[in-house]
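Structure record follows, encoded as structure tokens.
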Amino acid sequence: MTSRQWVASESGRRVPSRRAAAHTKPPWAMGGPLPPYRACLVGGLLLAAALPSAGADACPSSSWISFGSSCYALLQSTLENIDDARELCRASGADIISINNKEENTFILKAFQTHWHGPQYISLGMFFDTDDDVFKWYDESKVNFTNWMEEDSSSELLDTCATMHTASGGWRKTSCEHLPVTEVLCEATPVYEKKYLPDKTWTTVLVIISTVIVSVSAAFLWFLYQRKVSSAPSTTQNFSRQVLCNDELILIDEENEYTA
């Protein structure tokens with residue numbers, strides 16, 4: 001039998017000893033708010049689950065390889081010009097390649113070294129717009145990265161497109177009439193990402209702001225809960241003050257009492 005301690009007052013009334021061990025549940029198990037670190041963990045997991053992810057499963061087929069939120073494939077066909085190349089890519093729900101940052105350029109370079117082993121040069125989906133006097137991508141994404149090789153900048157840019165050297169990753173200006181189109185590098189990617197989210201900056205900012213809001217809210221709720229708990233009188237302490245009214249209390253062991 002489990003031993004249990006009691007206290008007795010002068011009147012002989014037996015009550016539970018305040019020395020008895022108290023088993024209390026954590027406050028969040030009894031309906032209270034989560035501690036800040038637990039709330040932050042939960043918030044982080046929810047945000048991670050809510051963020052979109054792209055991988056091989058989102059690619060048109062298993063022959064495509066993924067990087068970031070895009071999929072890439074080197075297609076072979078008998079083509080005559082850049083328009084035919086774009087039509088070939090569009091048949092797979094893609095477009096001719098556009099490169100928006102250094103990481104993507106490096107990925108394509110390594111892919112040619114280890115996976116595709118394609119031609120010396122491939123066509124990029126870039127052309128020179130004589131109306132605006134700037135280079136643009138055919139898929140209308142923003143040109144926020146270039147990797148031109150050193151060459152004469154005074155050359156005529158009328159009817160100019162771009163190619164990529166598959167051994168170095170450098171870009172060259174080429175006449176649109178002489179683009180290499182026997183093998184075409186296609187890219188499948190969400191339109192909104194290329195046009196409006198060329199990098200991950202805004203996504204990262206939104207994640208950080210959301211995490212901070214969750215953390216601050218959790219800390220504030222925890223502070224209010226702790227304040228409420230600390231201001232509330234303890235039932236056990238009040239009960240002990242009523243019972244322990246003098247110094248003549250005697251501890252009685254229940255097991256010994258049964259033996260007597």
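Residues in the structure tokens are numbered from 1 in each chain, the chains being A, B, ... in the order shown, and ligands are numbered from 1 in the order shown.
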
Please identify which residues in stretch 60-160 of chain A DSSP calls alpha helix (DSSP H) from the backbone, and express them as a PDB file with N, CA and C atoms, in the first residue's frame.
```pdb
ATOM      1  N   ILE A  82      14.632  30.972 -84.319  1.00  0.00           N
ATOM      2  CA  ILE A  82      14.286  31.075 -82.909  1.00  0.00           C
ATOM      3  C   ILE A  82      12.790  30.874 -82.678  1.00  0.00           C
ATOM      4  N   ASP A  83      11.970  31.265 -83.632  1.00  0.00           N
ATOM      5  CA  ASP A  83      10.522  31.075 -83.481  1.00  0.00           C
ATOM      6  C   ASP A  83      10.175  29.585 -83.447  1.00  0.00           C
ATOM      7  N   ASP A  84      10.842  28.805 -84.301  1.00  0.00           N
ATOM      8  CA  ASP A  84      10.622  27.353 -84.277  1.00  0.00           C
ATOM      9  C   ASP A  84      11.087  26.755 -82.953  1.00  0.00           C
ATOM     10  N   ALA A  85      12.189  27.286 -82.427  1.00  0.00           N
ATOM     11  CA  ALA A  85      12.711  26.794 -81.145  1.00  0.00           C
ATOM     12  C   ALA A  85      11.718  27.054 -80.012  1.00  0.00           C
ATOM     13  N   ARG A  86      11.120  28.217 -80.028  1.00  0.00           N
ATOM     14  CA  ARG A  86      10.139  28.553 -78.995  1.00  0.00           C
ATOM     15  C   ARG A  86       8.898  27.668 -79.113  1.00  0.00           C
ATOM     16  N   GLU A  87       8.477  27.395 -80.335  1.00  0.00           N
ATOM     17  CA  GLU A  87       7.314  26.525 -80.536  1.00  0.00           C
ATOM     18  C   GLU A  87       7.601  25.113 -80.030  1.00  0.00           C
ATOM     19  N   LEU A  88       8.827  24.644 -80.233  1.00  0.00           N
ATOM     20  CA  LEU A  88       9.201  23.325 -79.738  1.00  0.00           C
ATOM     21  C   LEU A  88       9.099  23.281 -78.212  1.00  0.00           C
ATOM     22  N   CYS A  89       9.573  24.313 -77.557  1.00  0.00           N
ATOM     23  CA  CYS A  89       9.492  24.373 -76.091  1.00  0.00           C
ATOM     24  C   CYS A  89       8.047  24.501 -75.619  1.00  0.00           C
ATOM     25  N   ARG A  90       7.273  25.310 -76.296  1.00  0.00           N
ATOM     26  CA  ARG A  90       5.877  25.535 -75.897  1.00  0.00           C
ATOM     27  C   ARG A  90       5.041  24.272 -76.002  1.00  0.00           C
ATOM     28  N   LYS A 102      22.884  34.456 -61.126  1.00  0.00           N
ATOM     29  CA  LYS A 102      24.167  33.753 -61.258  1.00  0.00           C
ATOM     30  C   LYS A 102      24.033  32.281 -60.912  1.00  0.00           C
ATOM     31  N   GLU A 103      23.216  31.973 -59.896  1.00  0.00           N
ATOM     32  CA  GLU A 103      23.044  30.580 -59.483  1.00  0.00           C
ATOM     33  C   GLU A 103      22.439  29.736 -60.602  1.00  0.00           C
ATOM     34  N   GLU A 104      21.473  30.300 -61.307  1.00  0.00           N
ATOM     35  CA  GLU A 104      20.848  29.575 -62.411  1.00  0.00           C
ATOM     36  C   GLU A 104      21.842  29.376 -63.549  1.00  0.00           C
ATOM     37  N   ASN A 105      22.661  30.391 -63.822  1.00  0.00           N
ATOM     38  CA  ASN A 105      23.674  30.277 -64.875  1.00  0.00           C
ATOM     39  C   ASN A 105      24.683  29.182 -64.533  1.00  0.00           C
ATOM     40  N   THR A 106      25.090  29.128 -63.270  1.00  0.00           N
ATOM     41  CA  THR A 106      26.042  28.103 -62.820  1.00  0.00           C
ATOM     42  C   THR A 106      25.429  26.712 -62.908  1.00  0.00           C
ATOM     43  N   PHE A 107      24.161  26.591 -62.550  1.00  0.00           N
ATOM     44  CA  PHE A 107      23.477  25.302 -62.644  1.00  0.00           C
ATOM     45  C   PHE A 107      23.459  24.797 -64.084  1.00  0.00           C
ATOM     46  N   ILE A 108      23.128  25.660 -65.032  1.00  0.00           N
ATOM     47  CA  ILE A 108      23.074  25.258 -66.436  1.00  0.00           C
ATOM     48  C   ILE A 108      24.459  24.849 -66.932  1.00  0.00           C
ATOM     49  N   LEU A 109      25.480  25.610 -66.538  1.00  0.00           N
ATOM     50  CA  LEU A 109      26.855  25.270 -66.920  1.00  0.00           C
ATOM     51  C   LEU A 109      27.230  23.872 -66.424  1.00  0.00           C
ATOM     52  N   LYS A 110      26.943  23.579 -65.156  1.00  0.00           N
ATOM     53  CA  LYS A 110      27.266  22.264 -64.597  1.00  0.00           C
ATOM     54  C   LYS A 110      26.439  21.161 -65.242  1.00  0.00           C
ATOM     55  N   ALA A 111      25.196  21.479 -65.595  1.00  0.00           N
ATOM     56  CA  ALA A 111      24.340  20.484 -66.238  1.00  0.00           C
ATOM     57  C   ALA A 111      24.900  20.072 -67.596  1.00  0.00           C
TER      58      ALA A 111
END
```

If you count only C-alpha atoms, which residues fall within 9 Å of A:Ser123, apart from same-chain ones fewer than 4 positions away, as a list in words?
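Here the answer would be Ile82, Ile96, Ile97, Cys161, Ala162, Thr163, Met164, Leu179, Pro180, Val181, Glu183, Val184 and Leu185 of chain A.
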
So that I have them on file, write out the residues from the current selection with N, CA, C and O atoms, as a CSV table (one decimal), in the first residue's frame.
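Produced file result06.csv, reproduced below:
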```csv
chain,number,residue,atom,x,y,z
A,82,ILE,N,14.6,31.0,-84.3
A,82,ILE,CA,14.3,31.1,-82.9
A,82,ILE,C,12.8,30.9,-82.7
A,82,ILE,O,12.4,30.3,-81.6
A,96,ILE,N,11.8,28.9,-74.4
A,96,ILE,CA,13.3,28.9,-74.5
A,96,ILE,C,13.9,29.5,-73.3
A,96,ILE,O,13.4,30.4,-72.7
A,97,ILE,N,15.1,29.1,-72.9
A,97,ILE,CA,15.7,29.4,-71.6
A,97,ILE,C,15.9,30.9,-71.4
A,97,ILE,O,16.3,31.6,-72.3
A,161,CYS,N,20.7,38.6,-81.1
A,161,CYS,CA,20.2,37.7,-80.0
A,161,CYS,C,21.4,37.3,-79.2
A,161,CYS,O,22.5,37.8,-79.3
A,162,ALA,N,21.3,36.3,-78.3
A,162,ALA,CA,22.3,35.9,-77.4
A,162,ALA,C,22.5,34.4,-77.4
A,162,ALA,O,21.5,33.6,-77.6
A,163,THR,N,23.7,33.9,-77.2
A,163,THR,CA,24.0,32.5,-77.0
A,163,THR,C,24.9,32.3,-75.7
A,163,THR,O,25.4,33.3,-75.2
A,164,MET,N,24.9,31.1,-75.3
A,164,MET,CA,25.7,30.8,-74.1
A,164,MET,C,26.8,29.7,-74.5
A,164,MET,O,26.5,28.7,-75.1
A,179,LEU,N,21.5,31.8,-85.2
A,179,LEU,CA,21.5,31.2,-83.8
A,179,LEU,C,21.6,29.6,-84.0
A,179,LEU,O,21.0,29.1,-84.9
A,180,PRO,N,22.3,29.0,-83.1
A,180,PRO,CA,22.3,27.5,-83.2
A,180,PRO,C,21.0,26.9,-82.6
A,180,PRO,O,20.6,27.2,-81.4
A,181,VAL,N,20.2,26.3,-83.4
A,181,VAL,CA,18.9,25.8,-83.0
A,181,VAL,C,18.7,24.3,-83.3
A,181,VAL,O,17.6,23.8,-83.3
A,183,GLU,N,19.8,22.1,-81.2
A,183,GLU,CA,19.5,21.6,-79.9
A,183,GLU,C,19.0,22.8,-79.1
A,183,GLU,O,19.7,23.9,-79.0
A,184,VAL,N,17.9,22.7,-78.4
A,184,VAL,CA,17.3,23.9,-77.8
A,184,VAL,C,17.1,23.6,-76.3
A,184,VAL,O,16.6,22.5,-75.9
A,185,LEU,N,17.5,24.5,-75.5
A,185,LEU,CA,17.4,24.4,-74.0
A,185,LEU,C,16.1,25.1,-73.6
A,185,LEU,O,15.9,26.3,-73.8
```

Using atom CA of A:Gly68 and atom CA of A:Thr182 as the two end points, give the distance in Å to one decimal.
26.5 Å

Compare A:Ala167, A:Asn144, A:Ser92, A:Tyr138 by their minimum atom-to-atom distance to A:Thr114, counting only C-alpha atoms, and give me the closest one.
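Counting only C-alpha atoms, the residue closest to A:Thr114 is A:Ala167.
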
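Take the candidates A:Ser69, A:Lys228, A:Lys136, A:Gly169 and check each one against A:Trp148 using only C-alpha atoms; the shortest distance goes to A:Gly169.
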
Tell me which protein, DNA and RNA residues are within 12 Å of A:Asp133, counting only C-alpha atoms, leaving out same-chain ones fewer than 4 positions away, and put them as a PDB file with C-alpha atoms, in the first residue's frame.
```
ATOM      1  CA  PHE A 127      16.945  39.611 -78.087  1.00  0.00           C
ATOM      2  CA  PHE A 128      17.865  43.267 -78.461  1.00  0.00           C
ATOM      3  CA  ASP A 129      14.837  45.557 -78.525  1.00  0.00           C
ATOM      4  CA  GLU A 156      25.885  46.870 -84.306  1.00  0.00           C
ATOM      5  CA  LEU A 157      23.053  45.433 -82.202  1.00  0.00           C
ATOM      6  CA  LEU A 158      20.324  45.429 -84.829  1.00  0.00           C
ATOM      7  CA  ASP A 159      18.757  41.954 -85.102  1.00  0.00           C
ATOM      8  CA  THR A 160      20.938  40.706 -82.247  1.00  0.00           C
TER       9      THR A 160
END
```

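Relative to atom CA of A:Val205, atom CA of A:Leu221 is found at 24.4 Å.
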
Rounded to one decimal place, report the atom CA of A:Ser230-atom CA of A:Ser215 distance in Å.
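Answer for the atom CA of A:Ser230 to atom CA of A:Ser215 separation: 22.4 Å.
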
Filtered DSSP result for stretch 123-197 of chain A, state strand (DSSP E), as a PDB file with N, CA and C atoms, in the first residue's frame:
```pdb
ATOM      1  N   SER A 123      21.348  28.574 -77.813  1.00  0.00           N
ATOM      2  CA  SER A 123      20.634  29.854 -77.926  1.00  0.00           C
ATOM      3  C   SER A 123      19.940  30.195 -76.610  1.00  0.00           C
ATOM      4  N   LEU A 124      20.021  31.452 -76.240  1.00  0.00           N
ATOM      5  CA  LEU A 124      19.270  31.962 -75.098  1.00  0.00           C
ATOM      6  C   LEU A 124      18.023  32.674 -75.619  1.00  0.00           C
ATOM      7  N   GLY A 125      17.009  32.732 -74.794  1.00  0.00           N
ATOM      8  CA  GLY A 125      15.766  33.410 -75.201  1.00  0.00           C
ATOM      9  C   GLY A 125      15.856  34.900 -75.022  1.00  0.00           C
ATOM     10  N   MET A 126      16.913  35.508 -75.557  1.00  0.00           N
ATOM     11  CA  MET A 126      17.158  36.939 -75.378  1.00  0.00           C
ATOM     12  C   MET A 126      17.322  37.615 -76.743  1.00  0.00           C
ATOM     13  N   PHE A 127      16.813  38.833 -76.849  1.00  0.00           N
ATOM     14  CA  PHE A 127      16.945  39.611 -78.087  1.00  0.00           C
ATOM     15  C   PHE A 127      17.127  41.081 -77.740  1.00  0.00           C
ATOM     16  N   PHE A 128      17.662  41.834 -78.677  1.00  0.00           N
ATOM     17  CA  PHE A 128      17.865  43.267 -78.461  1.00  0.00           C
ATOM     18  C   PHE A 128      16.669  44.013 -79.018  1.00  0.00           C
ATOM     19  N   ASP A 129      16.002  44.762 -78.135  1.00  0.00           N
ATOM     20  CA  ASP A 129      14.837  45.557 -78.525  1.00  0.00           C
ATOM     21  C   ASP A 129      15.327  46.927 -78.981  1.00  0.00           C
ATOM     22  N   VAL A 134      17.452  48.104 -75.349  1.00  0.00           N
ATOM     23  CA  VAL A 134      17.891  47.212 -74.270  1.00  0.00           C
ATOM     24  C   VAL A 134      17.660  45.762 -74.698  1.00  0.00           C
ATOM     25  N   PHE A 135      18.366  44.837 -74.014  1.00  0.00           N
ATOM     26  CA  PHE A 135      18.119  43.415 -74.220  1.00  0.00           C
ATOM     27  C   PHE A 135      16.926  42.981 -73.379  1.00  0.00           C
ATOM     28  N   LYS A 136      16.121  42.090 -73.936  1.00  0.00           N
ATOM     29  CA  LYS A 136      14.947  41.580 -73.232  1.00  0.00           C
ATOM     30  C   LYS A 136      14.860  40.056 -73.395  1.00  0.00           C
ATOM     31  N   TRP A 137      14.118  39.431 -72.486  1.00  0.00           N
ATOM     32  CA  TRP A 137      13.841  38.010 -72.587  1.00  0.00           C
ATOM     33  C   TRP A 137      12.533  37.801 -73.337  1.00  0.00           C
ATOM     34  N   THR A 160      19.953  41.419 -83.068  1.00  0.00           N
ATOM     35  CA  THR A 160      20.938  40.706 -82.247  1.00  0.00           C
ATOM     36  C   THR A 160      20.241  39.849 -81.197  1.00  0.00           C
ATOM     37  N   CYS A 161      20.709  38.612 -81.077  1.00  0.00           N
ATOM     38  CA  CYS A 161      20.239  37.693 -80.028  1.00  0.00           C
ATOM     39  C   CYS A 161      21.427  37.269 -79.184  1.00  0.00           C
ATOM     40  N   ALA A 162      21.250  36.265 -78.335  1.00  0.00           N
ATOM     41  CA  ALA A 162      22.319  35.869 -77.422  1.00  0.00           C
ATOM     42  C   ALA A 162      22.478  34.359 -77.389  1.00  0.00           C
ATOM     43  N   THR A 163      23.711  33.936 -77.177  1.00  0.00           N
ATOM     44  CA  THR A 163      24.023  32.514 -77.002  1.00  0.00           C
ATOM     45  C   THR A 163      24.859  32.336 -75.746  1.00  0.00           C
ATOM     46  N   MET A 164      24.926  31.097 -75.275  1.00  0.00           N
ATOM     47  CA  MET A 164      25.727  30.770 -74.098  1.00  0.00           C
ATOM     48  C   MET A 164      26.778  29.738 -74.470  1.00  0.00           C
ATOM     49  N   HIS A 165      28.021  30.001 -74.050  1.00  0.00           N
ATOM     50  CA  HIS A 165      29.113  29.055 -74.253  1.00  0.00           C
ATOM     51  C   HIS A 165      29.001  27.963 -73.186  1.00  0.00           C
ATOM     52  N   TRP A 171      28.249  34.502 -72.074  1.00  0.00           N
ATOM     53  CA  TRP A 171      27.268  34.833 -73.109  1.00  0.00           C
ATOM     54  C   TRP A 171      27.941  35.610 -74.240  1.00  0.00           C
ATOM     55  N   ARG A 172      27.395  35.407 -75.450  1.00  0.00           N
ATOM     56  CA  ARG A 172      27.893  36.142 -76.610  1.00  0.00           C
ATOM     57  C   ARG A 172      26.717  36.695 -77.411  1.00  0.00           C
ATOM     58  N   LYS A 173      26.923  37.854 -78.005  1.00  0.00           N
ATOM     59  CA  LYS A 173      25.916  38.449 -78.892  1.00  0.00           C
ATOM     60  C   LYS A 173      26.059  37.820 -80.274  1.00  0.00           C
ATOM     61  N   THR A 174      24.940  37.392 -80.832  1.00  0.00           N
ATOM     62  CA  THR A 174      24.945  36.691 -82.115  1.00  0.00           C
ATOM     63  C   THR A 174      23.776  37.177 -82.963  1.00  0.00           C
ATOM     64  N   SER A 175      23.962  37.177 -84.242  1.00  0.00           N
ATOM     65  CA  SER A 175      22.873  37.529 -85.145  1.00  0.00           C
ATOM     66  C   SER A 175      21.726  36.535 -84.970  1.00  0.00           C
ATOM     67  N   GLU A 183      19.803  22.077 -81.217  1.00  0.00           N
ATOM     68  CA  GLU A 183      19.461  21.630 -79.869  1.00  0.00           C
ATOM     69  C   GLU A 183      19.011  22.847 -79.083  1.00  0.00           C
ATOM     70  N   VAL A 184      17.868  22.735 -78.449  1.00  0.00           N
ATOM     71  CA  VAL A 184      17.260  23.888 -77.783  1.00  0.00           C
ATOM     72  C   VAL A 184      17.089  23.587 -76.299  1.00  0.00           C
ATOM     73  N   LEU A 185      17.540  24.510 -75.476  1.00  0.00           N
ATOM     74  CA  LEU A 185      17.359  24.373 -74.021  1.00  0.00           C
ATOM     75  C   LEU A 185      16.054  25.052 -73.630  1.00  0.00           C
ATOM     76  N   CYS A 186      15.117  24.260 -73.131  1.00  0.00           N
ATOM     77  CA  CYS A 186      13.798  24.775 -72.739  1.00  0.00           C
ATOM     78  C   CYS A 186      13.697  24.838 -71.218  1.00  0.00           C
ATOM     79  N   GLU A 187      12.884  25.774 -70.764  1.00  0.00           N
ATOM     80  CA  GLU A 187      12.661  25.956 -69.322  1.00  0.00           C
ATOM     81  C   GLU A 187      11.171  26.070 -69.045  1.00  0.00           C
ATOM     82  N   ALA A 188      10.702  25.248 -68.126  1.00  0.00           N
ATOM     83  CA  ALA A 188       9.305  25.310 -67.689  1.00  0.00           C
ATOM     84  C   ALA A 188       9.280  25.900 -66.286  1.00  0.00           C
TER      85      ALA A 188
END
```

Nearest candidate to A:His178 (options A:Ser231, A:Gln76, A:Thr130, A:Asn81; using only C-alpha atoms):
A:Asn81

Considering only C-alpha atoms, can you say which of A:Ser77, A:Ile65, A:Gln120, A:Pro60 comes closest to A:Ser168?
A:Gln120
